[in-house]
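final_0.tsv follows; it contains TSV, C-alpha atoms.
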chain	number	residue	atom	x	y	z
A	1	MET	CA	47.07	31.67	105.91
A	2	THR	CA	50.72	31.36	105.39
A	3	ASP	CA	52.56	31.77	102.15
A	4	ARG	CA	53.25	28.06	102.03
A	5	GLU	CA	49.60	27.23	102.37
A	6	LYS	CA	48.74	29.74	99.70
A	7	MET	CA	51.34	28.23	97.43
A	8	LEU	CA	49.96	24.74	97.97
A	9	GLU	CA	46.44	25.93	97.33
A	10	LEU	CA	47.56	27.57	94.10
A	11	LEU	CA	49.33	24.41	93.08
A	12	ASP	CA	46.19	22.39	93.72
A	13	GLU	CA	44.13	24.81	91.66
A	14	PHE	CA	46.74	24.73	88.89
A	15	LYS	CA	46.75	20.96	88.98
A	16	ASP	CA	42.97	20.86	88.78
A	17	SER	CA	43.08	23.26	85.85
A	18	ILE	CA	45.64	21.11	84.05
A	19	VAL	CA	43.58	17.97	84.64
A	20	LYS	CA	40.50	19.78	83.45
A	21	LEU	CA	42.32	21.03	80.36
A	22	MET	CA	43.60	17.55	79.64
A	23	ASP	CA	40.06	16.14	79.99
A	24	GLU	CA	38.74	18.85	77.69
A	25	ARG	CA	41.56	18.14	75.22
A	26	GLU	CA	40.74	14.44	75.23
A	27	SER	CA	37.10	15.31	74.74
A	28	LEU	CA	38.01	17.67	71.89
A	29	ASP	CA	40.26	15.01	70.34
A	30	GLY	CA	37.37	12.54	70.51
A	31	GLU	CA	35.02	15.03	68.98
A	32	ALA	CA	37.58	15.88	66.31
A	33	GLU	CA	37.97	12.19	65.48
A	34	GLU	CA	34.22	11.83	65.30
A	35	LEU	CA	34.09	14.87	63.04
A	36	ARG	CA	36.83	13.41	60.81
A	37	ALA	CA	34.98	10.08	60.66
A	38	ALA	CA	31.74	11.87	59.92
A	39	ARG	CA	33.51	13.90	57.26
A	40	ARG	CA	35.00	10.77	55.67
A	41	GLU	CA	31.59	9.13	55.75
A	42	ALA	CA	30.01	12.24	54.25
A	43	GLU	CA	32.68	12.34	51.53
A	44	GLU	CA	32.17	8.66	50.78
A	45	LYS	CA	28.42	9.19	50.59
A	46	THR	CA	29.02	12.19	48.37
A	47	TRP	CA	31.24	10.16	46.06
A	48	SER	CA	28.66	7.38	46.01
A	49	LEU	CA	25.91	9.86	45.23
A	50	GLU	CA	28.03	11.41	42.48
A	51	GLU	CA	28.56	7.97	40.93
A	52	GLN	CA	24.86	7.28	41.15
A	53	VAL	CA	24.13	10.67	39.58
A	54	LYS	CA	26.56	9.87	36.76
A	55	GLU	CA	24.94	6.47	36.21
A	56	LEU	CA	21.48	8.01	36.26
A	57	THR	CA	22.64	10.75	33.87
A	58	THR	CA	24.05	8.12	31.51
A	59	LYS	CA	20.84	6.09	31.71
A	60	ILE	CA	18.74	9.20	31.10
A	61	GLU	CA	20.87	10.18	28.10
A	62	LYS	CA	20.62	6.63	26.73
A	63	ALA	CA	16.86	6.61	27.33
A	64	GLU	CA	16.54	9.94	25.52
A	65	LYS	CA	18.59	8.62	22.60
A	66	ASP	CA	16.49	5.45	22.51
A	67	ARG	CA	13.34	7.57	22.64
A	68	ASP	CA	14.57	9.78	19.79
A	69	LYS	CA	15.55	6.71	17.77
A	70	ALA	CA	12.16	5.14	18.47
A	71	LYS	CA	10.45	8.33	17.28
A	72	THR	CA	12.60	8.35	14.14
A	73	ASP	CA	11.90	4.66	13.51
A	74	LEU	CA	8.20	5.24	14.06
A	75	THR	CA	8.21	8.15	11.62
A	76	THR	CA	10.13	6.07	9.08
A	77	ALA	CA	7.73	3.15	9.55
A	78	LYS	CA	4.73	5.44	9.04
A	79	GLU	CA	6.31	6.85	5.87
A	80	GLU	CA	7.04	3.33	4.60
A	81	ILE	CA	3.47	2.28	5.34
A	82	GLN	CA	2.18	5.31	3.46
A	83	ASN	CA	4.52	4.56	0.54
A	84	LEU	CA	3.44	0.92	0.49
A	85	GLY	CA	-0.18	2.00	0.60
A	86	ALA	CA	0.39	4.38	-2.30
A	87	LYS	CA	2.23	1.67	-4.27
A	88	ALA	CA	-0.57	-0.81	-3.52
A	89	GLU	CA	-3.15	1.68	-4.77
A	90	GLU	CA	-1.01	2.39	-7.83
A	91	ALA	CA	-0.57	-1.34	-8.48
A	92	GLU	CA	-4.30	-1.90	-8.09
A	93	ALA	CA	-5.02	0.97	-10.46
A	94	SER	CA	-2.47	-0.38	-12.97
A	95	LYS	CA	-3.96	-3.86	-12.62
A	96	SER	CA	-7.46	-2.53	-13.22
A	97	GLU	CA	-6.23	-0.50	-16.18
A	98	ALA	CA	-4.39	-3.52	-17.61
A	99	GLU	CA	-7.46	-5.70	-17.15
A	100	GLU	CA	-9.60	-3.08	-18.86
A	101	THR	CA	-7.10	-2.85	-21.72
A	102	LEU	CA	-7.06	-6.64	-22.10
A	103	ARG	CA	-10.86	-6.73	-22.08
A	104	LYS	CA	-10.98	-4.06	-24.77
A	105	GLU	CA	-8.35	-5.90	-26.85
A	106	ARG	CA	-10.22	-9.17	-26.41
A	107	ASP	CA	-13.51	-7.58	-27.42
A	108	GLU	CA	-11.82	-5.89	-30.38
A	109	LEU	CA	-10.23	-9.17	-31.51
A	110	LYS	CA	-13.52	-10.96	-31.15
A	111	ARG	CA	-15.25	-8.26	-33.16
A	112	GLU	CA	-12.60	-8.49	-35.88
A	113	MET	CA	-12.85	-12.29	-35.94
A	114	ASP	CA	-16.61	-12.07	-36.24
A	115	GLU	CA	-16.17	-9.68	-39.16
A	116	ILE	CA	-13.60	-11.97	-40.79
A	117	ASN	CA	-15.82	-15.01	-40.33
A	118	GLU	CA	-18.74	-13.09	-41.77
A	119	GLN	CA	-16.63	-11.98	-44.73
A	120	LEU	CA	-15.35	-15.53	-45.29
A	121	SER	CA	-18.92	-16.76	-45.22
A	122	ARG	CA	-19.75	-14.20	-47.89
A	123	VAL	CA	-16.77	-15.36	-49.98
A	124	SER	CA	-17.94	-18.95	-49.69
A	125	GLU	CA	-21.40	-17.90	-50.73
A	126	LEU	CA	-19.96	-16.02	-53.71
A	127	TYR	CA	-18.02	-19.14	-54.66
A	128	ARG	CA	-21.12	-21.28	-54.48
A	129	GLU	CA	-23.06	-18.74	-56.51
A	130	ALA	CA	-20.28	-18.47	-59.08
A	131	SER	CA	-20.04	-22.26	-59.31
A	132	ALA	CA	-23.79	-22.54	-59.74
A	133	GLU	CA	-23.74	-19.95	-62.50
A	134	LYS	CA	-20.91	-21.73	-64.26
A	135	GLU	CA	-22.71	-25.07	-64.06
A	136	ALA	CA	-25.93	-23.46	-65.29
A	137	LEU	CA	-24.04	-22.08	-68.26
A	138	GLN	CA	-22.31	-25.48	-68.62
A	139	GLU	CA	-18.98	-23.74	-68.48
A	140	LYS	CA	-15.93	-25.15	-66.76
A	141	VAL	CA	-14.98	-23.40	-63.53
A	142	ASP	CA	-11.35	-22.22	-63.55
A	143	VAL	CA	-10.25	-23.24	-60.03
A	144	SER	CA	-6.90	-21.44	-60.33
A	145	ASP	CA	-8.66	-18.17	-61.12
A	146	LEU	CA	-11.01	-18.57	-58.14
A	147	LEU	CA	-8.05	-19.48	-55.93
A	148	ALA	CA	-6.20	-16.36	-57.05
A	149	ILE	CA	-9.26	-14.28	-56.17
A	150	TYR	CA	-9.49	-15.88	-52.71
A	151	ILE	CA	-5.81	-15.33	-52.02
A	152	THR	CA	-6.07	-11.69	-53.12
A	153	LEU	CA	-9.14	-11.13	-50.94
A	154	ILE	CA	-7.59	-12.81	-47.92
A	155	GLU	CA	-4.30	-10.91	-48.22
A	156	THR	CA	-5.66	-7.47	-49.08
A	157	VAL	CA	-9.18	-7.29	-47.66
A	158	PHE	CA	-8.98	-9.66	-44.71
A	159	TYR	CA	-5.30	-9.00	-43.92
A	160	GLY	CA	-4.77	-12.75	-43.64
A	161	LYS	CA	-1.18	-12.94	-44.85
A	162	PRO	CA	0.36	-13.02	-41.31
A	163	HIS	CA	-2.15	-15.68	-40.31
A	164	ALA	CA	-1.22	-17.87	-43.28
A	165	ARG	CA	2.52	-17.43	-42.71
A	166	ILE	CA	2.09	-18.46	-39.06
A	167	LEU	CA	0.03	-21.52	-39.99
A	168	TYR	CA	2.60	-22.52	-42.63
A	169	THR	CA	5.37	-22.21	-40.06
A	170	LEU	CA	3.54	-24.26	-37.43
A	171	HIS	CA	2.66	-26.97	-39.95
A	172	ASP	CA	6.29	-27.06	-41.00
A	173	VAL	CA	7.85	-27.44	-37.53
A	174	LYS	CA	5.06	-29.72	-36.16
A	175	THR	CA	5.74	-28.50	-32.62
A	176	ALA	CA	5.23	-25.51	-30.33
A	177	ILE	CA	7.24	-22.42	-31.23
A	178	THR	CA	7.69	-19.12	-29.40
A	179	ARG	CA	6.13	-15.90	-30.68
A	180	LYS	CA	9.64	-14.39	-30.86
A	181	ASN	CA	10.83	-17.20	-33.14
A	182	ILE	CA	7.73	-16.80	-35.31
A	183	THR	CA	8.51	-13.10	-35.67
A	184	SER	CA	12.14	-13.75	-36.63
A	185	SER	CA	11.35	-16.61	-39.02
A	186	THR	CA	8.45	-14.92	-40.83
A	187	GLY	CA	9.75	-11.35	-40.86
A	188	ILE	CA	6.34	-10.07	-39.75
A	189	GLN	CA	6.14	-7.19	-37.27
A	190	PRO	CA	5.77	-8.34	-33.61
A	191	ALA	CA	2.46	-6.49	-33.18
A	192	ALA	CA	1.04	-8.10	-36.31
A	193	VAL	CA	2.23	-11.52	-35.14
A	194	LEU	CA	0.58	-11.05	-31.75
A	195	LYS	CA	-2.71	-9.96	-33.32
A	196	ALA	CA	-2.64	-12.84	-35.82
A	197	VAL	CA	-1.92	-15.34	-33.01
A	198	HIS	CA	-4.92	-14.09	-31.02
A	199	ASP	CA	-7.06	-14.30	-34.18
A	200	LEU	CA	-5.97	-17.90	-34.73
A	201	VAL	CA	-6.60	-18.74	-31.08
A	202	ALA	CA	-10.10	-17.29	-31.35
A	203	ALA	CA	-10.63	-19.46	-34.43
A	204	ASP	CA	-9.48	-22.58	-32.48
A	205	LEU	CA	-6.65	-23.15	-34.91
A	206	VAL	CA	-3.76	-22.66	-32.45
A	207	SER	CA	-3.17	-22.44	-28.70
A	208	TYR	CA	-1.10	-19.73	-27.02
A	209	ASP	CA	0.60	-19.82	-23.60
A	210	GLU	CA	0.86	-16.27	-22.22
A	211	ASN	CA	3.62	-17.25	-19.77
A	212	SER	CA	5.96	-19.11	-22.13
A	213	GLN	CA	4.63	-17.22	-25.19
A	214	GLU	CA	4.60	-20.50	-27.11
A	215	VAL	CA	2.20	-21.06	-30.00
A	216	GLU	CA	1.12	-24.58	-30.90
A	217	LEU	CA	-1.04	-25.89	-33.72
A	218	THR	CA	-4.31	-27.40	-32.53
A	219	LYS	CA	-5.87	-28.18	-35.90
A	220	ASP	CA	-3.95	-29.78	-38.73
A	221	ILE	CA	-5.37	-28.07	-41.81
A	222	PHE	CA	-3.25	-30.15	-44.20
A	223	ARG	CA	-4.45	-33.45	-42.72
A	224	LYS	CA	-6.03	-35.63	-45.40
A	225	THR	CA	-9.40	-37.14	-44.60
A	226	LYS	CA	-10.35	-40.60	-45.79
C-alpha coordinates encoding of this file:
Amino acid sequence: MTDREKMLELLDEFKDSIVKLMDERESLDGEAEELRAARREAEEKTWSLEEQVKELTTKIEKAEKDRDKAKTDLTTAKEEIQNLGAKAEEAEASKSEAEETLRKERDELKREMDEINEQLSRVSELYREASAEKEALQEKVDVSDLLAIYITLIETVFYGKPHARILYTLHDVKTAITRKNITSSTGIQPAAVLKAVHDLVAADLVSYDENSQEVELTKDIFRKTK
(Lines of atoms letter the chains of each structure in order from A and count residues from 1; the text may use other names and numbers.)
(Lines give C-alpha, C1' and ligand atoms only; values in the text may rest on other atoms or scores of the structure.)
Protein backbone atom coordinates (compact mmCIF):
# COMPACT_ATOMS: atom_id res chain seq x y z
CA MET A 1 0.00 0.00 0.00
CA THR A 2 1.35 3.30 -0.99
CA ASP A 3 1.85 6.27 1.24
CA ARG A 4 -1.01 8.06 -0.45
CA GLU A 5 -3.37 5.21 0.22
CA LYS A 6 -2.23 5.06 3.80
CA MET A 7 -2.80 8.77 4.16
CA LEU A 8 -6.30 8.49 2.74
CA GLU A 9 -7.10 5.59 5.02
CA LEU A 10 -5.89 7.59 8.02
CA LEU A 11 -7.97 10.53 6.93
CA ASP A 12 -11.03 8.32 6.67
CA GLU A 13 -10.41 6.91 10.12
CA PHE A 14 -9.85 10.43 11.48
CA LYS A 15 -13.04 11.58 9.84
CA ASP A 16 -14.97 8.67 11.31
CA SER A 17 -13.52 9.46 14.73
CA ILE A 18 -14.54 13.10 14.43
CA VAL A 19 -18.05 12.14 13.36
CA LYS A 20 -18.24 9.67 16.20
CA LEU A 21 -17.00 12.29 18.67
CA MET A 22 -19.51 14.79 17.36
CA ASP A 23 -22.32 12.20 17.74
CA GLU A 24 -21.14 11.43 21.26
CA ARG A 25 -20.97 15.16 22.03
CA GLU A 26 -24.51 15.67 20.77
CA SER A 27 -25.59 12.70 22.84
CA LEU A 28 -23.79 14.11 25.89
CA ASP A 29 -25.34 17.54 25.28
CA GLY A 30 -28.77 15.90 25.14
CA GLU A 31 -28.10 13.98 28.29
CA ALA A 32 -26.76 17.11 29.97
CA GLU A 33 -29.91 19.02 28.99
CA GLU A 34 -32.03 16.19 30.33
CA LEU A 35 -30.00 16.25 33.53
CA ARG A 36 -30.44 20.03 33.82
CA ALA A 37 -34.19 19.67 33.21
CA ALA A 38 -34.36 16.87 35.73
CA ARG A 39 -32.39 18.98 38.17
CA ARG A 40 -34.71 21.96 37.68
CA GLU A 41 -37.70 19.69 38.13
CA ALA A 42 -36.13 18.18 41.25
CA GLU A 43 -35.38 21.65 42.62
CA GLU A 44 -38.94 22.79 41.90
CA LYS A 45 -40.30 19.69 43.60
CA THR A 46 -37.95 20.32 46.50
CA TRP A 47 -39.14 23.92 46.81
CA SER A 48 -42.74 22.74 46.61
CA LEU A 49 -42.11 20.13 49.27
CA GLU A 50 -40.39 22.71 51.46
CA GLU A 51 -43.41 25.01 51.14
CA GLN A 52 -45.71 22.13 51.98
CA VAL A 53 -43.52 21.25 54.96
CA LYS A 54 -43.68 24.87 56.13
CA GLU A 55 -47.46 24.92 55.76
CA LEU A 56 -47.77 21.61 57.58
CA THR A 57 -45.42 22.87 60.31
CA THR A 58 -47.52 26.02 60.69
CA LYS A 59 -50.72 23.97 60.82
CA ILE A 60 -49.21 21.60 63.37
CA GLU A 61 -48.03 24.50 65.53
CA LYS A 62 -51.47 26.11 65.29
CA ALA A 63 -53.15 22.78 66.11
CA GLU A 64 -50.86 22.37 69.13
CA LYS A 65 -51.66 25.91 70.30
CA ASP A 66 -55.38 25.26 69.80
CA ARG A 67 -55.03 21.98 71.69
CA ASP A 68 -53.21 23.69 74.57
CA LYS A 69 -55.81 26.46 74.63
CA ALA A 70 -58.59 23.88 74.59
CA LYS A 71 -56.94 22.08 77.52
CA THR A 72 -56.61 25.38 79.40
CA ASP A 73 -60.23 26.30 78.64
CA LEU A 74 -61.36 22.85 79.74
CA THR A 75 -59.42 23.15 82.98
CA THR A 76 -60.85 26.63 83.57
CA ALA A 77 -64.37 25.39 82.81
CA LYS A 78 -63.95 22.50 85.25
CA GLU A 79 -62.71 24.90 87.93
CA GLU A 80 -65.65 27.25 87.28
CA ILE A 81 -68.07 24.33 87.48
CA GLN A 82 -66.51 23.26 90.78
CA ASN A 83 -66.69 26.85 92.08
CA LEU A 84 -70.31 27.16 90.99
CA GLY A 85 -71.08 23.84 92.63
CA ALA A 86 -69.43 24.99 95.85
CA LYS A 87 -71.30 28.32 95.72
CA ALA A 88 -74.58 26.47 95.06
CA GLU A 89 -73.96 24.22 98.05
CA GLU A 90 -73.01 27.25 100.15
CA ALA A 91 -76.13 29.12 98.99
CA GLU A 92 -78.29 26.09 99.75
CA ALA A 93 -76.71 25.78 103.18
CA SER A 94 -77.21 29.52 103.82
CA LYS A 95 -80.81 29.24 102.62
CA SER A 96 -81.47 26.30 104.90
CA GLU A 97 -79.81 28.12 107.79
CA ALA A 98 -81.83 31.28 107.09
CA GLU A 99 -85.05 29.27 106.88
CA GLU A 100 -84.20 27.56 110.16
CA THR A 101 -83.46 30.93 111.77
CA LEU A 102 -86.76 32.36 110.50
CA ARG A 103 -88.63 29.31 111.79
CA LYS A 104 -87.00 29.71 115.19
CA GLU A 105 -87.79 33.45 115.24
CA ARG A 106 -91.37 32.77 114.18
CA ASP A 107 -91.79 30.11 116.85
CA GLU A 108 -90.22 32.41 119.43
CA LEU A 109 -92.51 35.30 118.45
CA LYS A 110 -95.52 33.03 118.58
CA ARG A 111 -94.48 31.78 121.99
CA GLU A 112 -94.02 35.35 123.23
CA MET A 113 -97.40 36.38 121.80
CA ASP A 114 -99.06 33.43 123.47
CA GLU A 115 -97.45 34.48 126.75
CA ILE A 116 -98.55 38.10 126.25
CA ASN A 117 -102.10 37.04 125.39
CA GLU A 118 -102.16 34.80 128.43
CA GLN A 119 -100.87 37.62 130.63
CA LEU A 120 -103.42 40.06 129.16
CA SER A 121 -106.14 37.54 129.86
CA ARG A 122 -104.94 37.39 133.46
CA VAL A 123 -104.98 41.20 133.67
CA SER A 124 -108.54 41.25 132.34
CA GLU A 125 -109.51 38.65 134.88
CA LEU A 126 -107.89 40.70 137.65
CA TYR A 127 -109.85 43.73 136.46
CA ARG A 128 -113.09 41.82 136.52
CA GLU A 129 -112.30 40.46 139.97
CA ALA A 130 -111.33 43.90 141.24
CA SER A 131 -114.50 45.41 139.77
CA ALA A 132 -116.61 42.69 141.35
CA GLU A 133 -114.99 43.28 144.72
CA LYS A 134 -115.56 47.01 144.45
CA GLU A 135 -119.21 46.52 143.53
CA ALA A 136 -119.64 44.02 146.38
CA LEU A 137 -118.23 46.59 148.76
CA GLN A 138 -120.39 49.24 147.04
CA GLU A 139 -117.30 51.31 146.47
CA LYS A 140 -116.67 53.36 143.36
CA VAL A 141 -114.01 51.96 141.05
CA ASP A 142 -111.29 54.51 140.26
CA VAL A 143 -110.86 53.97 136.50
CA SER A 144 -107.81 56.25 136.32
CA ASP A 145 -106.03 54.19 138.96
CA LEU A 146 -106.81 50.94 137.13
CA LEU A 147 -105.70 52.50 133.85
CA ALA A 148 -102.41 53.57 135.43
CA ILE A 149 -101.90 50.00 136.64
CA TYR A 150 -102.59 48.60 133.16
CA ILE A 151 -100.23 51.04 131.50
CA THR A 152 -97.50 50.23 134.03
CA LEU A 153 -97.99 46.49 133.53
CA ILE A 154 -98.02 46.77 129.75
CA GLU A 155 -94.91 48.96 129.62
CA THR A 156 -92.80 47.20 132.25
CA VAL A 157 -94.00 43.60 132.39
CA PHE A 158 -95.27 43.04 128.86
CA TYR A 159 -92.79 45.41 127.17
CA GLY A 160 -95.67 46.88 125.19
CA LYS A 161 -94.41 50.44 124.85
CA PRO A 162 -92.96 49.95 121.31
CA HIS A 163 -96.19 48.27 120.26
CA ALA A 164 -98.28 51.19 121.50
CA ARG A 165 -96.01 53.79 119.88
CA ILE A 166 -96.28 51.95 116.55
CA LEU A 167 -100.06 51.72 116.79
CA TYR A 168 -100.29 55.43 117.67
CA THR A 169 -98.14 56.29 114.66
CA LEU A 170 -100.17 54.15 112.26
CA HIS A 171 -103.46 55.56 113.56
CA ASP A 172 -102.05 59.04 113.11
CA VAL A 173 -100.86 58.68 109.49
CA LYS A 174 -103.82 56.48 108.39
CA THR A 175 -101.67 54.87 105.69
CA ALA A 176 -98.85 52.37 105.19
CA ILE A 177 -95.47 53.45 106.52
CA THR A 178 -92.04 51.86 106.20
CA ARG A 179 -90.32 50.22 109.16
CA LYS A 180 -87.41 52.65 108.69
CA ASN A 181 -89.74 55.65 109.02
CA ILE A 182 -91.36 54.10 112.10
CA THR A 183 -87.91 53.73 113.66
CA SER A 184 -86.96 57.34 112.91
CA SER A 185 -90.31 58.81 114.00
CA THR A 186 -90.64 56.84 117.24
CA GLY A 187 -86.99 56.77 118.29
CA ILE A 188 -87.27 53.06 119.10
CA GLN A 189 -84.35 50.75 118.30
CA PRO A 190 -84.69 48.98 114.88
CA ALA A 191 -84.58 45.51 116.46
CA ALA A 192 -87.33 46.44 118.92
CA VAL A 193 -89.42 47.90 116.09
CA LEU A 194 -89.05 44.73 114.04
CA LYS A 195 -90.03 42.52 116.97
CA ALA A 196 -93.01 44.73 117.85
CA VAL A 197 -94.17 44.71 114.20
CA HIS A 198 -94.07 40.90 114.12
CA ASP A 199 -95.98 40.82 117.43
CA LEU A 200 -98.65 43.11 116.01
CA VAL A 201 -98.85 41.04 112.83
CA ALA A 202 -99.33 37.90 114.90
CA ALA A 203 -102.11 39.70 116.77
CA ASP A 204 -103.80 40.64 113.43
CA LEU A 205 -103.48 44.32 114.22
CA VAL A 206 -101.16 45.27 111.34
CA SER A 207 -99.85 43.80 108.08
CA TYR A 208 -96.19 43.78 107.07
CA ASP A 209 -94.70 43.47 103.56
CA GLU A 210 -91.24 41.86 103.79
CA ASN A 211 -90.23 43.18 100.35
CA SER A 212 -91.23 46.83 100.73
CA GLN A 213 -90.93 46.68 104.55
CA GLU A 214 -94.17 48.66 104.80
CA VAL A 215 -96.42 48.34 107.84
CA GLU A 216 -100.14 49.04 107.51
CA LEU A 217 -102.90 49.13 110.10
CA THR A 218 -105.48 46.37 109.63
CA LYS A 219 -107.62 47.04 112.68
CA ASP A 220 -108.71 50.51 113.71
CA ILE A 221 -108.61 50.36 117.50
CA PHE A 222 -109.91 53.92 117.89
CA ARG A 223 -112.96 53.26 115.70
CA LYS A 224 -116.16 54.02 117.60
CA THR A 225 -118.87 51.38 117.50
CA LYS A 226 -122.53 52.30 117.40
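Of the listed residues A:Met113, A:Thr178, A:Glu24, A:Lys219, the one whose atoms come nearest to His198 (chain A) is A:Met113, with distances taken using all atoms listed in the file.
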_Gap from CA of Gly85 (chain A) to CA of Glu99 (chain A) - Å, one decimal_ =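 Computed distance, CA of Gly85 (chain A) to CA of Glu99 (chain A), equals 20.7 Å.
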*Between CA of His171 (chain A) and CA of Thr186 (chain A) - distance in Å to one decimal*: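 For CA of Thr186 (chain A) relative to CA of His171 (chain A), the distance reads 13.4 Å.
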*Any idea what's packed within 10 Å of Val201 (chain A), counting only C-alpha atoms, ignoring anything in its chain fewer than 4 positions away? Could you give it as a PyMOL selection string?*
chain A and resi 195-197+205-208+215-218
_d(CA of Glu44 (chain A), CA of Thr57 (chain A)) in Å_ = 19.5 Å
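With all atoms listed in the file as the basis for measurement, A:Asp199 is the residue among A:Glu210, A:Asp199, A:Glu125, A:Asp204 that approaches Glu105 (chain A) most closely.
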Just region 76-108 of chain A, please, as a CSV table (one decimal), in the first residue's frame (only N, CA, C and O atoms).
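Result file follows (selection14.csv):
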chain,number,residue,atom,x,y,z
A,76,THR,N,-60.2,25.5,83.0
A,76,THR,CA,-60.9,26.6,83.6
A,76,THR,C,-62.3,26.4,83.7
A,76,THR,O,-62.9,26.7,84.8
A,77,ALA,N,-62.9,25.7,82.7
A,77,ALA,CA,-64.4,25.4,82.8
A,77,ALA,C,-64.6,24.4,84.0
A,77,ALA,O,-65.6,24.6,84.7
A,78,LYS,N,-63.8,23.4,84.1
A,78,LYS,CA,-63.9,22.5,85.3
A,78,LYS,C,-63.8,23.2,86.6
A,78,LYS,O,-64.6,23.0,87.5
A,79,GLU,N,-62.9,24.1,86.7
A,79,GLU,CA,-62.7,24.9,87.9
A,79,GLU,C,-63.9,25.8,88.2
A,79,GLU,O,-64.4,25.9,89.3
A,80,GLU,N,-64.5,26.4,87.1
A,80,GLU,CA,-65.6,27.2,87.3
A,80,GLU,C,-66.8,26.4,87.7
A,80,GLU,O,-67.7,26.8,88.5
A,81,ILE,N,-67.0,25.2,87.1
A,81,ILE,CA,-68.1,24.3,87.5
A,81,ILE,C,-67.9,23.9,88.9
A,81,ILE,O,-68.9,23.9,89.7
A,82,GLN,N,-66.7,23.6,89.4
A,82,GLN,CA,-66.5,23.3,90.8
A,82,GLN,C,-66.8,24.4,91.7
A,82,GLN,O,-67.5,24.3,92.8
A,83,ASN,N,-66.4,25.7,91.3
A,83,ASN,CA,-66.7,26.8,92.1
A,83,ASN,C,-68.2,27.1,92.2
A,83,ASN,O,-68.7,27.4,93.2
A,84,LEU,N,-68.9,27.0,91.0
A,84,LEU,CA,-70.3,27.2,91.0
A,84,LEU,C,-71.0,26.1,91.9
A,84,LEU,O,-72.0,26.4,92.6
A,85,GLY,N,-70.5,24.9,91.8
A,85,GLY,CA,-71.1,23.8,92.6
A,85,GLY,C,-70.9,24.2,94.1
A,85,GLY,O,-71.8,24.0,94.9
A,86,ALA,N,-69.7,24.6,94.5
A,86,ALA,CA,-69.4,25.0,95.8
A,86,ALA,C,-70.3,26.2,96.3
A,86,ALA,O,-70.9,26.2,97.4
A,87,LYS,N,-70.5,27.2,95.4
A,87,LYS,CA,-71.3,28.3,95.7
A,87,LYS,C,-72.8,27.9,95.9
A,87,LYS,O,-73.5,28.4,96.7
A,88,ALA,N,-73.2,27.0,95.0
A,88,ALA,CA,-74.6,26.5,95.1
A,88,ALA,C,-74.8,25.7,96.4
A,88,ALA,O,-75.8,25.9,97.0
A,89,GLU,N,-73.8,24.9,96.8
A,89,GLU,CA,-74.0,24.2,98.0
A,89,GLU,C,-74.0,25.2,99.2
A,89,GLU,O,-74.7,25.1,100.2
A,90,GLU,N,-73.1,26.2,99.1
A,90,GLU,CA,-73.0,27.3,100.1
A,90,GLU,C,-74.3,28.0,100.2
A,90,GLU,O,-74.8,28.3,101.3
A,91,ALA,N,-74.9,28.4,99.0
A,91,ALA,CA,-76.1,29.1,99.0
A,91,ALA,C,-77.3,28.3,99.6
A,91,ALA,O,-78.1,28.8,100.3
A,92,GLU,N,-77.3,27.0,99.2
A,92,GLU,CA,-78.3,26.1,99.8
A,92,GLU,C,-78.2,26.0,101.3
A,92,GLU,O,-79.2,26.0,102.0
A,93,ALA,N,-76.9,25.9,101.7
A,93,ALA,CA,-76.7,25.8,103.2
A,93,ALA,C,-77.2,27.1,103.9
A,93,ALA,O,-77.8,27.0,104.9
A,94,SER,N,-76.8,28.2,103.2
A,94,SER,CA,-77.2,29.5,103.8
A,94,SER,C,-78.7,29.7,103.8
A,94,SER,O,-79.3,30.2,104.8
A,95,LYS,N,-79.4,29.2,102.7
A,95,LYS,CA,-80.8,29.2,102.6
A,95,LYS,C,-81.5,28.4,103.7
A,95,LYS,O,-82.4,28.8,104.4
A,96,SER,N,-80.9,27.2,103.9
A,96,SER,CA,-81.5,26.3,104.9
A,96,SER,C,-81.3,26.9,106.3
A,96,SER,O,-82.2,26.9,107.1
A,97,GLU,N,-80.1,27.5,106.5
A,97,GLU,CA,-79.8,28.1,107.8
A,97,GLU,C,-80.7,29.3,108.0
A,97,GLU,O,-81.2,29.5,109.1
A,98,ALA,N,-80.9,30.1,107.0
A,98,ALA,CA,-81.8,31.3,107.1
A,98,ALA,C,-83.3,30.8,107.4
A,98,ALA,O,-84.0,31.4,108.2
A,99,GLU,N,-83.7,29.8,106.7
A,99,GLU,CA,-85.0,29.3,106.9
A,99,GLU,C,-85.2,28.8,108.3
A,99,GLU,O,-86.2,29.0,109.0
A,100,GLU,N,-84.2,28.1,108.8
A,100,GLU,CA,-84.2,27.6,110.2
A,100,GLU,C,-84.2,28.7,111.2
A,100,GLU,O,-85.0,28.7,112.2
A,101,THR,N,-83.4,29.8,110.9
A,101,THR,CA,-83.5,30.9,111.8
A,101,THR,C,-84.8,31.6,111.8
A,101,THR,O,-85.3,32.0,112.8
A,102,LEU,N,-85.4,31.7,110.6
A,102,LEU,CA,-86.8,32.4,110.5
A,102,LEU,C,-87.8,31.5,111.2
A,102,LEU,O,-88.7,32.1,111.9
A,103,ARG,N,-87.7,30.2,111.1
A,103,ARG,CA,-88.6,29.3,111.8
A,103,ARG,C,-88.5,29.5,113.3
A,103,ARG,O,-89.5,29.5,114.0
A,104,LYS,N,-87.2,29.5,113.8
A,104,LYS,CA,-87.0,29.7,115.2
A,104,LYS,C,-87.6,31.1,115.7
A,104,LYS,O,-88.2,31.1,116.7
A,105,GLU,N,-87.3,32.1,114.9
A,105,GLU,CA,-87.8,33.5,115.2
A,105,GLU,C,-89.3,33.5,115.3
A,105,GLU,O,-89.9,34.1,116.1
A,106,ARG,N,-89.9,32.8,114.2
A,106,ARG,CA,-91.4,32.8,114.2
A,106,ARG,C,-91.9,32.0,115.4
A,106,ARG,O,-92.9,32.5,116.0
A,107,ASP,N,-91.3,30.9,115.7
A,107,ASP,CA,-91.8,30.1,116.9
A,107,ASP,C,-91.6,30.9,118.1
A,107,ASP,O,-92.5,30.9,119.0
A,108,GLU,N,-90.5,31.6,118.2
A,108,GLU,CA,-90.2,32.4,119.4
A,108,GLU,C,-91.2,33.5,119.6
A,108,GLU,O,-91.7,33.8,120.7
